[in-house]
$ cat coords_9.pdb   # PDB, C-alpha atoms and all ligand atoms
ATOM      1  CA  MET B   1      12.468  -0.182   9.224  1.00  0.00           C
ATOM      2  CA  GLU B   2      13.300  -3.677  10.377  1.00  0.00           C
ATOM      3  CA  LYS B   3      13.801  -6.092   7.517  1.00  0.00           C
ATOM      4  CA  THR B   4      11.719  -9.245   7.527  1.00  0.00           C
ATOM      5  CA  THR B   5      11.608 -12.142   5.128  1.00  0.00           C
ATOM      6  CA  SER B   6       7.916 -12.845   5.553  1.00  0.00           C
ATOM      7  CA  TYR B   7       4.666 -10.991   6.270  1.00  0.00           C
ATOM      8  CA  SER B   8       3.212 -10.448   9.740  1.00  0.00           C
ATOM      9  CA  LEU B   9      -0.126  -9.294  11.107  1.00  0.00           C
ATOM     10  CA  PRO B  10       0.197  -5.779  12.547  1.00  0.00           C
ATOM     11  CA  PRO B  11      -1.615  -5.168  15.863  1.00  0.00           C
ATOM     12  CA  LEU B  12      -4.506  -2.690  15.801  1.00  0.00           C
ATOM     13  CA  PRO B  13      -3.552   0.833  16.928  1.00  0.00           C
ATOM     14  CA  TYR B  14      -6.658   0.878  19.254  1.00  0.00           C
ATOM     15  CA  GLY B  15      -8.714  -1.589  21.243  1.00  0.00           C
ATOM     16  CA  TYR B  16     -11.099  -4.019  19.556  1.00  0.00           C
ATOM     17  CA  GLY B  17     -14.103  -2.303  21.138  1.00  0.00           C
ATOM     18  CA  ASP B  18     -12.955   1.258  20.435  1.00  0.00           C
ATOM     19  CA  LEU B  19     -14.563   1.716  17.003  1.00  0.00           C
ATOM     20  CA  ALA B  20     -18.087   0.850  18.195  1.00  0.00           C
ATOM     21  CA  PRO B  21     -20.776   1.603  17.255  1.00  0.00           C
ATOM     22  CA  SER B  22     -19.455   2.127  13.708  1.00  0.00           C
ATOM     23  CA  ILE B  23     -17.701  -1.268  13.909  1.00  0.00           C
ATOM     24  CA  SER B  24     -18.501  -3.603  16.818  1.00  0.00           C
ATOM     25  CA  GLU B  25     -15.884  -5.444  18.862  1.00  0.00           C
ATOM     26  CA  GLU B  26     -17.043  -8.824  17.549  1.00  0.00           C
ATOM     27  CA  GLN B  27     -16.934  -7.615  13.927  1.00  0.00           C
ATOM     28  CA  LEU B  28     -13.511  -6.024  14.305  1.00  0.00           C
ATOM     29  CA  ARG B  29     -12.021  -9.020  16.113  1.00  0.00           C
ATOM     30  CA  LEU B  30     -13.216 -11.398  13.402  1.00  0.00           C
ATOM     31  CA  HIS B  31     -12.083  -9.078  10.621  1.00  0.00           C
ATOM     32  CA  HIS B  32      -8.582  -8.494  11.988  1.00  0.00           C
ATOM     33  CA  ASP B  33      -7.761 -11.815  13.669  1.00  0.00           C
ATOM     34  CA  LYS B  34      -9.327 -14.146  11.112  1.00  0.00           C
ATOM     35  CA  HIS B  35      -9.771 -12.431   7.741  1.00  0.00           C
ATOM     36  CA  HIS B  36      -6.723 -10.153   7.686  1.00  0.00           C
ATOM     37  CA  ASN B  37      -4.598 -12.887   9.221  1.00  0.00           C
ATOM     38  CA  ALA B  38      -5.651 -15.294   6.471  1.00  0.00           C
ATOM     39  CA  TYR B  39      -4.048 -13.026   3.850  1.00  0.00           C
ATOM     40  CA  VAL B  40      -0.828 -12.846   5.872  1.00  0.00           C
ATOM     41  CA  VAL B  41      -0.723 -16.635   6.191  1.00  0.00           C
ATOM     42  CA  GLY B  42      -1.650 -17.085   2.513  1.00  0.00           C
ATOM     43  CA  ALA B  43       1.133 -14.783   1.338  1.00  0.00           C
ATOM     44  CA  ASN B  44       3.690 -16.565   3.529  1.00  0.00           C
ATOM     45  CA  VAL B  45       2.612 -19.975   2.234  1.00  0.00           C
ATOM     46  CA  ILE B  46       3.378 -18.789  -1.299  1.00  0.00           C
ATOM     47  CA  LEU B  47       6.760 -17.396  -0.270  1.00  0.00           C
ATOM     48  CA  GLU B  48       7.581 -20.839   1.120  1.00  0.00           C
ATOM     49  CA  LYS B  49       6.396 -22.487  -2.101  1.00  0.00           C
ATOM     50  CA  LEU B  50       8.597 -20.161  -4.162  1.00  0.00           C
ATOM     51  CA  ASP B  51      11.591 -20.783  -1.891  1.00  0.00           C
ATOM     52  CA  ALA B  52      11.102 -24.550  -2.041  1.00  0.00           C
ATOM     53  CA  ALA B  53      10.717 -24.591  -5.831  1.00  0.00           C
ATOM     54  CA  ARG B  54      13.814 -22.457  -6.317  1.00  0.00           C
ATOM     55  CA  ALA B  55      15.865 -24.547  -3.879  1.00  0.00           C
ATOM     56  CA  GLY B  56      14.709 -27.811  -5.457  1.00  0.00           C
ATOM     57  CA  GLY B  57      14.888 -26.607  -9.020  1.00  0.00           C
ATOM     58  CA  THR B  58      11.242 -27.554  -9.638  1.00  0.00           C
ATOM     59  CA  ASP B  59       8.775 -25.659 -11.831  1.00  0.00           C
ATOM     60  CA  LEU B  60       5.721 -23.807 -10.534  1.00  0.00           C
ATOM     61  CA  ASP B  61       2.591 -22.683 -12.348  1.00  0.00           C
ATOM     62  CA  LEU B  62       3.772 -19.079 -12.170  1.00  0.00           C
ATOM     63  CA  LYS B  63       0.604 -17.554 -13.591  1.00  0.00           C
ATOM     64  CA  ALA B  64      -1.562 -19.137 -10.912  1.00  0.00           C
ATOM     65  CA  THR B  65       0.998 -18.675  -8.146  1.00  0.00           C
ATOM     66  CA  LEU B  66       1.607 -14.995  -8.839  1.00  0.00           C
ATOM     67  CA  LYS B  67      -2.112 -14.279  -9.160  1.00  0.00           C
ATOM     68  CA  GLU B  68      -2.722 -15.855  -5.766  1.00  0.00           C
ATOM     69  CA  PHE B  69       0.286 -14.028  -4.335  1.00  0.00           C
ATOM     70  CA  SER B  70      -0.998 -10.632  -5.510  1.00  0.00           C
ATOM     71  CA  PHE B  71      -4.405 -11.425  -3.983  1.00  0.00           C
ATOM     72  CA  HIS B  72      -2.905 -12.157  -0.565  1.00  0.00           C
ATOM     73  CA  VAL B  73      -0.307  -9.383  -0.582  1.00  0.00           C
ATOM     74  CA  GLY B  74      -2.915  -6.904  -1.849  1.00  0.00           C
ATOM     75  CA  GLY B  75      -5.286  -7.991   0.921  1.00  0.00           C
ATOM     76  CA  HIS B  76      -2.612  -7.695   3.577  1.00  0.00           C
ATOM     77  CA  THR B  77      -1.440  -4.281   2.353  1.00  0.00           C
ATOM     78  CA  LEU B  78      -4.918  -2.771   2.109  1.00  0.00           C
ATOM     79  CA  HIS B  79      -5.970  -4.043   5.550  1.00  0.00           C
ATOM     80  CA  ALA B  80      -2.781  -2.635   7.088  1.00  0.00           C
ATOM     81  CA  ILE B  81      -3.667   0.787   5.605  1.00  0.00           C
ATOM     82  CA  PHE B  82      -7.331   0.446   6.610  1.00  0.00           C
ATOM     83  CA  TRP B  83      -6.631  -0.096  10.348  1.00  0.00           C
ATOM     84  CA  LYS B  84      -4.361   2.938  10.417  1.00  0.00           C
ATOM     85  CA  ASN B  85      -6.843   5.211   8.705  1.00  0.00           C
ATOM     86  CA  LEU B  86      -9.402   4.571  11.442  1.00  0.00           C
ATOM     87  CA  ALA B  87      -9.612   5.984  14.968  1.00  0.00           C
ATOM     88  CA  PRO B  88     -12.279   6.001  17.702  1.00  0.00           C
ATOM     89  CA  ALA B  89     -15.049   8.562  17.071  1.00  0.00           C
ATOM     90  CA  GLY B  90     -14.242  11.848  18.794  1.00  0.00           C
ATOM     91  CA  ARG B  91     -10.761  10.586  19.738  1.00  0.00           C
ATOM     92  CA  GLY B  92      -9.011  11.163  16.431  1.00  0.00           C
ATOM     93  CA  GLY B  93     -11.855   9.786  14.324  1.00  0.00           C
ATOM     94  CA  GLY B  94     -14.407  11.763  12.324  1.00  0.00           C
ATOM     95  CA  GLY B  95     -14.592  15.412  11.316  1.00  0.00           C
ATOM     96  CA  THR B  96     -13.069  16.740   8.142  1.00  0.00           C
ATOM     97  CA  PRO B  97      -9.525  16.877   6.741  1.00  0.00           C
ATOM     98  CA  SER B  98      -7.586  20.068   7.320  1.00  0.00           C
ATOM     99  CA  GLY B  99      -4.322  21.497   6.000  1.00  0.00           C
ATOM    100  CA  GLU B 100      -2.975  20.595   2.586  1.00  0.00           C
ATOM    101  CA  LEU B 101      -5.032  17.411   2.276  1.00  0.00           C
ATOM    102  CA  GLY B 102      -8.218  19.364   2.996  1.00  0.00           C
ATOM    103  CA  GLU B 103      -7.213  21.966   0.424  1.00  0.00           C
ATOM    104  CA  ALA B 104      -6.401  19.286  -2.181  1.00  0.00           C
ATOM    105  CA  ILE B 105      -9.791  17.618  -1.650  1.00  0.00           C
ATOM    106  CA  ASN B 106     -11.598  20.954  -1.941  1.00  0.00           C
ATOM    107  CA  ALA B 107      -9.657  21.872  -5.085  1.00  0.00           C
ATOM    108  CA  GLU B 108     -10.412  18.516  -6.747  1.00  0.00           C
ATOM    109  CA  PHE B 109     -13.991  17.883  -5.665  1.00  0.00           C
ATOM    110  CA  GLY B 110     -15.249  21.415  -4.984  1.00  0.00           C
ATOM    111  CA  SER B 111     -16.069  20.672  -1.358  1.00  0.00           C
ATOM    112  CA  PHE B 112     -15.633  18.016   1.327  1.00  0.00           C
ATOM    113  CA  GLU B 113     -19.330  17.162   1.069  1.00  0.00           C
ATOM    114  CA  ARG B 114     -18.963  16.461  -2.648  1.00  0.00           C
ATOM    115  CA  PHE B 115     -15.935  14.233  -1.980  1.00  0.00           C
ATOM    116  CA  LYS B 116     -17.819  12.360   0.752  1.00  0.00           C
ATOM    117  CA  LYS B 117     -20.760  11.829  -1.587  1.00  0.00           C
ATOM    118  CA  GLU B 118     -18.562  10.482  -4.405  1.00  0.00           C
ATOM    119  CA  PHE B 119     -16.469   8.271  -2.121  1.00  0.00           C
ATOM    120  CA  SER B 120     -19.574   6.850  -0.438  1.00  0.00           C
ATOM    121  CA  ALA B 121     -21.145   6.135  -3.820  1.00  0.00           C
ATOM    122  CA  ALA B 122     -17.944   4.422  -4.981  1.00  0.00           C
ATOM    123  CA  ALA B 123     -17.833   2.290  -1.810  1.00  0.00           C
ATOM    124  CA  SER B 124     -21.512   1.397  -2.004  1.00  0.00           C
ATOM    125  CA  SER B 125     -21.299   0.368  -5.651  1.00  0.00           C
ATOM    126  CA  THR B 126     -18.006  -1.556  -5.769  1.00  0.00           C
ATOM    127  CA  GLU B 127     -18.949  -4.815  -7.449  1.00  0.00           C
ATOM    128  CA  GLY B 128     -18.809  -7.918  -5.284  1.00  0.00           C
ATOM    129  CA  SER B 129     -15.951  -7.900  -2.802  1.00  0.00           C
ATOM    130  CA  GLY B 130     -13.658  -4.926  -2.873  1.00  0.00           C
ATOM    131  CA  TRP B 131     -12.604  -1.561  -1.615  1.00  0.00           C
ATOM    132  CA  ALA B 132     -13.005   2.144  -2.188  1.00  0.00           C
ATOM    133  CA  ALA B 133      -9.768   4.102  -2.052  1.00  0.00           C
ATOM    134  CA  LEU B 134      -8.695   7.719  -2.139  1.00  0.00           C
ATOM    135  CA  SER B 135      -5.354   7.981  -3.813  1.00  0.00           C
ATOM    136  CA  LEU B 136      -2.952  10.518  -5.220  1.00  0.00           C
ATOM    137  CA  CYS B 137      -2.050  10.207  -8.892  1.00  0.00           C
ATOM    138  CA  ARG B 138       1.647  11.010  -9.001  1.00  0.00           C
ATOM    139  CA  MET B 139       1.471  11.837 -12.723  1.00  0.00           C
ATOM    140  CA  THR B 140      -1.067  14.635 -12.331  1.00  0.00           C
ATOM    141  CA  GLY B 141      -0.830  15.476  -8.637  1.00  0.00           C
ATOM    142  CA  ARG B 142      -4.621  15.038  -8.451  1.00  0.00           C
ATOM    143  CA  PRO B 143      -6.460  13.017  -5.791  1.00  0.00           C
ATOM    144  CA  ILE B 144      -8.611  10.323  -7.375  1.00  0.00           C
ATOM    145  CA  ILE B 145     -11.129   7.792  -6.112  1.00  0.00           C
ATOM    146  CA  MET B 146     -10.552   4.162  -7.074  1.00  0.00           C
ATOM    147  CA  GLN B 147     -12.777   1.124  -6.803  1.00  0.00           C
ATOM    148  CA  ILE B 148     -10.552  -1.882  -6.136  1.00  0.00           C
ATOM    149  CA  GLU B 149     -12.147  -5.259  -6.835  1.00  0.00           C
ATOM    150  CA  LYS B 150     -11.069  -8.158  -4.631  1.00  0.00           C
ATOM    151  CA  HIS B 151      -7.764  -6.818  -3.281  1.00  0.00           C
ATOM    152  CA  ASN B 152      -5.756  -6.371  -6.410  1.00  0.00           C
ATOM    153  CA  VAL B 153      -7.923  -5.578  -9.448  1.00  0.00           C
ATOM    154  CA  ASN B 154      -8.107  -1.977 -10.743  1.00  0.00           C
ATOM    155  CA  VAL B 155      -5.076  -0.787  -8.792  1.00  0.00           C
ATOM    156  CA  TYR B 156      -3.363   2.042 -10.673  1.00  0.00           C
ATOM    157  CA  PRO B 157       0.420   1.676 -10.460  1.00  0.00           C
ATOM    158  CA  ALA B 158       1.112   5.431 -10.442  1.00  0.00           C
ATOM    159  CA  CYS B 159      -1.297   6.116  -7.605  1.00  0.00           C
ATOM    160  CA  ALA B 160      -0.311   6.281  -3.955  1.00  0.00           C
ATOM    161  CA  ILE B 161      -3.169   5.011  -1.801  1.00  0.00           C
ATOM    162  CA  LEU B 162      -4.081   7.457   0.959  1.00  0.00           C
ATOM    163  CA  MET B 163      -7.267   6.050   2.478  1.00  0.00           C
ATOM    164  CA  VAL B 164      -9.266   2.870   1.982  1.00  0.00           C
ATOM    165  CA  LEU B 165     -12.633   1.501   2.992  1.00  0.00           C
ATOM    166  CA  ASP B 166     -13.106  -2.256   3.055  1.00  0.00           C
ATOM    167  CA  VAL B 167     -16.507  -3.160   1.579  1.00  0.00           C
ATOM    168  CA  TRP B 168     -16.125  -6.926   1.547  1.00  0.00           C
ATOM    169  CA  GLU B 169     -19.109  -8.442   3.317  1.00  0.00           C
ATOM    170  CA  HIS B 170     -16.731  -9.827   5.951  1.00  0.00           C
ATOM    171  CA  ALA B 171     -16.072  -6.202   6.974  1.00  0.00           C
ATOM    172  CA  TYR B 172     -19.651  -5.355   7.955  1.00  0.00           C
ATOM    173  CA  TYR B 173     -22.072  -8.278   7.753  1.00  0.00           C
ATOM    174  CA  LEU B 174     -22.254  -9.039  11.492  1.00  0.00           C
ATOM    175  CA  ASP B 175     -23.144  -5.421  12.248  1.00  0.00           C
ATOM    176  CA  TYR B 176     -25.115  -4.328   9.204  1.00  0.00           C
ATOM    177  CA  LYS B 177     -26.221  -7.499   7.396  1.00  0.00           C
ATOM    178  CA  ASN B 178     -26.745  -6.459   3.767  1.00  0.00           C
ATOM    179  CA  ASP B 179     -26.946  -2.706   4.467  1.00  0.00           C
ATOM    180  CA  ARG B 180     -23.565  -1.695   3.062  1.00  0.00           C
ATOM    181  CA  ALA B 181     -24.688   1.926   2.638  1.00  0.00           C
ATOM    182  CA  LYS B 182     -25.291   2.273   6.402  1.00  0.00           C
ATOM    183  CA  TYR B 183     -21.835   0.853   7.135  1.00  0.00           C
ATOM    184  CA  VAL B 184     -20.338   3.359   4.680  1.00  0.00           C
ATOM    185  CA  GLU B 185     -22.294   6.206   6.328  1.00  0.00           C
ATOM    186  CA  ASN B 186     -21.008   5.261   9.786  1.00  0.00           C
ATOM    187  CA  PHE B 187     -17.449   4.886   8.504  1.00  0.00           C
ATOM    188  CA  TRP B 188     -17.174   8.679   8.348  1.00  0.00           C
ATOM    189  CA  GLN B 189     -17.375   8.840  12.174  1.00  0.00           C
ATOM    190  CA  ILE B 190     -14.124   6.907  12.539  1.00  0.00           C
ATOM    191  CA  VAL B 191     -11.911   8.280   9.762  1.00  0.00           C
ATOM    192  CA  ASN B 192      -8.505   9.314  11.074  1.00  0.00           C
ATOM    193  CA  TRP B 193      -7.794  12.379   8.939  1.00  0.00           C
ATOM    194  CA  GLU B 194      -4.497  13.095  10.662  1.00  0.00           C
ATOM    195  CA  ALA B 195      -3.121   9.704   9.640  1.00  0.00           C
ATOM    196  CA  ILE B 196      -4.406  10.151   6.086  1.00  0.00           C
ATOM    197  CA  ALA B 197      -2.853  13.632   5.869  1.00  0.00           C
ATOM    198  CA  LYS B 198       0.502  12.077   6.805  1.00  0.00           C
ATOM    199  CA  ARG B 199       0.168   9.572   3.954  1.00  0.00           C
ATOM    200  CA  TYR B 200      -0.655  12.497   1.646  1.00  0.00           C
ATOM    201  CA  GLU B 201       2.457  14.401   2.725  1.00  0.00           C
ATOM    202  CA  PHE B 202       4.578  11.290   2.253  1.00  0.00           C
ATOM    203  CA  ALA B 203       3.096  10.609  -1.199  1.00  0.00           C
ATOM    204  CA  ARG B 204       3.862  14.157  -2.291  1.00  0.00           C
ATOM    205  CA  GLY B 205       7.370  13.913  -0.958  1.00  0.00           C
ATOM    206  CA  THR B 206       6.870  16.861   1.408  1.00  0.00           C
TER     207      THR B 206
HETATM  208 MN    MN D   1     -11.378  -7.110   4.967  1.00  0.00          MN
END
$ encode --input "coords_9.pdb" --output "structure tokens"
Amino acid sequence: MEKTTSYSLPPLPYGYGDLAPSISEEQLRLHHDKHHNAYVVGANVILEKLDAARAGGTDLDLKATLKEFSFHVGGHTLHAIFWKNLAPAGRGGGGTPSGELGEAINAEFGSFERFKKEFSAAASSTEGSGWAALSLCRMTGRPIIMQIEKHNVNVYPACAILMVLDVWEHAYYLDYKNDRAKYVENFWQIVNWEAIAKRYEFARGT
């Protein structure tokens, strides 16, 4: 992987209009180009502040700076995962997970339908702005569902994030207004299970 000294906005792995009708072109363009980009810019601004303070020997309010840094880096990281775990419906998006990921979900939740129900409920009920995430707990080997508030609260350090769903209002308000549950329902049409299975294999070290 190429080394960089700052963060950059990754391009989407599909066209802006390709996730419609689950996510419209206008909604996706705004979300990626404005909202995601703002976290990239915000994180880089803090890197510059840290560099300048270190070079000049000046003190920073580290508590406030690091909190803001984790917010922006968390936002950038989660969005980068989110775009990759989506694909156009019927062209890589939708359906159910197969292989070892499918087996792990069935073993943990009893069935895919039960997992879908729990994940949807987690996404619909995340307080305020946040995310639902499927992750793998490396200490137990069990898949778990997390609710992440903002971008950085309730993240479990031992868990590898496999799949995320952005439930900030900026992710769906143009298309769904206040109907987050409908957005969550339509999300299932554009889930890229192949990409998520690859993250699962990587997390397990297989
Ligand atoms: Mn977002």
$ resolve_selection --input "coords_9.pdb" --expression "the PyMOL selection byres (((chain B and resi 135) around 8) and not hetatm)" --output "list in words"
Ala133, Leu134, Leu136, Cys137, Pro143, Ile144, Ile145, Met146, Cys159, Ala160, Ile161, Leu162 and Met163 of chain B
$ resolve_selection --input "coords_9.pdb" --expression "the PyMOL selection byres (((chain B and resi 95) around 8) and not hetatm)" --output "list in words"
Gly93, Gly94, Thr96, Pro97, Trp188, Gln189, Val191 and Trp193 of chain B
$ residues_near_ligand --input "coords_9.pdb" --ligand "ligand MN 1 (chain D)" --cutoff "6 Å" --atoms "all atoms listed in the file" --output "PyMOL selection string"
chain B and resi 166+168+171
$ closest_atom_pairs --input "coords_9.pdb" --of "segment 65-179 of chain B" --to "segment 20-27 of chain B" --cutoff "12 Å" --atoms "all atoms listed in the file" --output "CSV"
residue,atom,partner,partner_atom,distance
B:Trp83,CA,B:Ile23,CA,11.7
B:Leu86,CA,B:Ile23,CA,10.4
B:Ala87,CA,B:Ala20,CA,10.4
B:Pro88,CA,B:Ala20,CA,7.8
B:Ala89,CA,B:Ala20,CA,8.4
B:Gly90,CA,B:Ala20,CA,11.7
B:Gly93,CA,B:Ser22,CA,10.8
B:Gly94,CA,B:Ser22,CA,11.0
B:Asp166,CA,B:Ile23,CA,11.8
B:Glu169,CA,B:Gln27,CA,10.9
B:His170,CA,B:Gln27,CA,8.3
B:Ala171,CA,B:Gln27,CA,7.1
B:Tyr172,CA,B:Gln27,CA,6.9
B:Tyr173,CA,B:Gln27,CA,8.1
B:Leu174,CA,B:Gln27,CA,6.0
B:Asp175,CA,B:Ser24,CA,6.8
B:Tyr176,CA,B:Ile23,CA,9.3
B:Lys177,CA,B:Gln27,CA,11.4
$ residues_around --input "coords_9.pdb" --residues "Arg29 of chain B" --least-positions-apart "5" --cutoff "9 Å" --atoms "only C-alpha atoms" --output "PyMOL selection string"
chain B and resi 16-17+24+34
$ resolve_selection --input "coords_9.pdb" --expression "the PyMOL selection byres (((chain B and resi 37) around 10) and not hetatm)" --output "list in words"
Tyr7, Ser8, Leu9, Pro10, Leu30, His31, His32, Asp33, Lys34, His35, His36, Ala38, Tyr39, Val40, Val41, Gly42, Ala43, His72, Gly75, His76 and His79 of chain B
$ write_last_selection --input "coords_9.pdb" --atoms "C-alpha atoms" --output "compact mmCIF listing (two decimals), in the frame of the given file"
# COMPACT_ATOMS: atom_id res chain seq x y z
CA TYR B 7 4.67 -10.99 6.27
CA SER B 8 3.21 -10.45 9.74
CA LEU B 9 -0.13 -9.29 11.11
CA PRO B 10 0.20 -5.78 12.55
CA LEU B 30 -13.22 -11.40 13.40
CA HIS B 31 -12.08 -9.08 10.62
CA HIS B 32 -8.58 -8.49 11.99
CA ASP B 33 -7.76 -11.82 13.67
CA LYS B 34 -9.33 -14.15 11.11
CA HIS B 35 -9.77 -12.43 7.74
CA HIS B 36 -6.72 -10.15 7.69
CA ALA B 38 -5.65 -15.29 6.47
CA TYR B 39 -4.05 -13.03 3.85
CA VAL B 40 -0.83 -12.85 5.87
CA VAL B 41 -0.72 -16.64 6.19
CA GLY B 42 -1.65 -17.08 2.51
CA ALA B 43 1.13 -14.78 1.34
CA HIS B 72 -2.90 -12.16 -0.56
CA GLY B 75 -5.29 -7.99 0.92
CA HIS B 76 -2.61 -7.70 3.58
CA HIS B 79 -5.97 -4.04 5.55
$ closest_residue --input "coords_9.pdb" --among "B:Asn178, B:Gly130, B:Asn152, B:Pro13" --to "Leu66 of chain B" --atoms "all atoms listed in the file"
B:Asn152
$ residues_around --input "coords_9.pdb" --residues "Ala203 of chain B" --least-positions-apart "2" --cutoff "8 Å" --atoms "all atoms listed in the file" --output "ChimeraX atom specification"
/B:136,138,160,199-201,205-206
$ atom_distance --input "coords_9.pdb" --atom1 "atom CA of Lys63 of chain B" --atom2 "atom CA of Asp51 of chain B"
16.4 Å
$ closest_residue --input "coords_9.pdb" --among "B:Ser6, B:Ser120, B:Ser70, B:Thr126" --to "Leu47 of chain B" --atoms "all atoms listed in the file"
B:Ser6
$ atom_distance --input "coords_9.pdb" --atom1 "atom CA of Asn85 of chain B" --atom2 "atom CA of Asn192 of chain B"
5.0 Å
$ atom_distance --input "coords_9.pdb" --atom1 "atom CA of Ile190 of chain B" --atom2 "atom CA of Gly110 of chain B"
22.8 Å
$ axis_aligned_box --input "coords_9.pdb" --around "segment 155-168 of chain B" --padding-each-side "5 Å" --output "JSON"
{"center_x": -7.7, "center_y": 0.3, "center_z": -3.8, "size_x": 27.6, "size_y": 24.4, "size_z": 23.7}
$ closest_residue --input "coords_9.pdb" --among "B:Glu113, B:Arg142, B:Lys84, B:Ala121" --to "Glu194 of chain B" --atoms "all atoms listed in the file"
B:Lys84
$ decode --input "coords_9.pdb" --residues "segment 179-194 of chain B" --atoms "N, CA, C and O atoms" --output "PDB file, in the first residue's frame"
ATOM      1  N   ASP B 179     -37.989   8.974   7.562  1.00  0.00           N
ATOM      2  CA  ASP B 179     -38.312   7.542   7.594  1.00  0.00           C
ATOM      3  C   ASP B 179     -37.030   6.697   7.530  1.00  0.00           C
ATOM      4  O   ASP B 179     -36.734   6.074   6.512  1.00  0.00           O
ATOM      5  N   ARG B 180     -36.309   6.684   8.633  1.00  0.00           N
ATOM      6  CA  ARG B 180     -35.045   5.938   8.675  1.00  0.00           C
ATOM      7  C   ARG B 180     -35.285   4.441   8.443  1.00  0.00           C
ATOM      8  O   ARG B 180     -34.475   3.761   7.797  1.00  0.00           O
ATOM      9  N   ALA B 181     -36.383   3.923   8.977  1.00  0.00           N
ATOM     10  CA  ALA B 181     -36.658   2.486   8.854  1.00  0.00           C
ATOM     11  C   ALA B 181     -36.777   2.053   7.387  1.00  0.00           C
ATOM     12  O   ALA B 181     -36.321   0.969   7.007  1.00  0.00           O
ATOM     13  N   LYS B 182     -37.366   2.914   6.552  1.00  0.00           N
ATOM     14  CA  LYS B 182     -37.506   2.591   5.123  1.00  0.00           C
ATOM     15  C   LYS B 182     -36.133   2.569   4.443  1.00  0.00           C
ATOM     16  O   LYS B 182     -35.854   1.714   3.597  1.00  0.00           O
ATOM     17  N   TYR B 183     -35.305   3.540   4.810  1.00  0.00           N
ATOM     18  CA  TYR B 183     -33.926   3.577   4.287  1.00  0.00           C
ATOM     19  C   TYR B 183     -33.185   2.304   4.681  1.00  0.00           C
ATOM     20  O   TYR B 183     -32.514   1.673   3.853  1.00  0.00           O
ATOM     21  N   VAL B 184     -33.339   1.882   5.930  1.00  0.00           N
ATOM     22  CA  VAL B 184     -32.679   0.662   6.407  1.00  0.00           C
ATOM     23  C   VAL B 184     -33.200  -0.551   5.635  1.00  0.00           C
ATOM     24  O   VAL B 184     -32.429  -1.420   5.208  1.00  0.00           O
ATOM     25  N   GLU B 185     -34.513  -0.590   5.396  1.00  0.00           N
ATOM     26  CA  GLU B 185     -35.114  -1.712   4.651  1.00  0.00           C
ATOM     27  C   GLU B 185     -34.525  -1.785   3.235  1.00  0.00           C
ATOM     28  O   GLU B 185     -34.189  -2.863   2.746  1.00  0.00           O
ATOM     29  N   ASN B 186     -34.388  -0.641   2.591  1.00  0.00           N
ATOM     30  CA  ASN B 186     -33.892  -0.627   1.210  1.00  0.00           C
ATOM     31  C   ASN B 186     -32.378  -0.828   1.108  1.00  0.00           C
ATOM     32  O   ASN B 186     -31.872  -1.158   0.034  1.00  0.00           O
ATOM     33  N   PHE B 187     -31.699  -0.631   2.226  1.00  0.00           N
ATOM     34  CA  PHE B 187     -30.253  -0.879   2.279  1.00  0.00           C
ATOM     35  C   PHE B 187     -29.933  -2.321   1.904  1.00  0.00           C
ATOM     36  O   PHE B 187     -28.932  -2.609   1.248  1.00  0.00           O
ATOM     37  N   TRP B 188     -30.812  -3.246   2.315  1.00  0.00           N
ATOM     38  CA  TRP B 188     -30.525  -4.670   2.083  1.00  0.00           C
ATOM     39  C   TRP B 188     -30.448  -5.033   0.602  1.00  0.00           C
ATOM     40  O   TRP B 188     -29.869  -6.057   0.247  1.00  0.00           O
ATOM     41  N   GLN B 189     -31.007  -4.171  -0.264  1.00  0.00           N
ATOM     42  CA  GLN B 189     -30.953  -4.432  -1.720  1.00  0.00           C
ATOM     43  C   GLN B 189     -29.578  -4.129  -2.312  1.00  0.00           C
ATOM     44  O   GLN B 189     -29.291  -4.522  -3.446  1.00  0.00           O
ATOM     45  N   ILE B 190     -28.761  -3.395  -1.566  1.00  0.00           N
ATOM     46  CA  ILE B 190     -27.480  -2.947  -2.132  1.00  0.00           C
ATOM     47  C   ILE B 190     -26.276  -3.363  -1.278  1.00  0.00           C
ATOM     48  O   ILE B 190     -25.212  -2.764  -1.360  1.00  0.00           O
ATOM     49  N   VAL B 191     -26.472  -4.393  -0.449  1.00  0.00           N
ATOM     50  CA  VAL B 191     -25.344  -4.877   0.359  1.00  0.00           C
ATOM     51  C   VAL B 191     -24.447  -5.763  -0.504  1.00  0.00           C
ATOM     52  O   VAL B 191     -24.929  -6.679  -1.171  1.00  0.00           O
ATOM     53  N   ASN B 192     -23.174  -5.481  -0.486  1.00  0.00           N
ATOM     54  CA  ASN B 192     -22.200  -6.246  -1.264  1.00  0.00           C
ATOM     55  C   ASN B 192     -21.599  -7.348  -0.383  1.00  0.00           C
ATOM     56  O   ASN B 192     -20.577  -7.154   0.273  1.00  0.00           O
ATOM     57  N   TRP B 193     -22.259  -8.494  -0.364  1.00  0.00           N
ATOM     58  CA  TRP B 193     -21.829  -9.571   0.542  1.00  0.00           C
ATOM     59  C   TRP B 193     -20.453 -10.121   0.210  1.00  0.00           C
ATOM     60  O   TRP B 193     -19.726 -10.597   1.088  1.00  0.00           O
ATOM     61  N   GLU B 194     -20.083 -10.070  -1.069  1.00  0.00           N
ATOM     62  CA  GLU B 194     -18.769 -10.572  -1.455  1.00  0.00           C
ATOM     63  C   GLU B 194     -17.666  -9.726  -0.807  1.00  0.00           C
ATOM     64  O   GLU B 194     -16.687 -10.259  -0.291  1.00  0.00           O
TER      65      GLU B 194
END
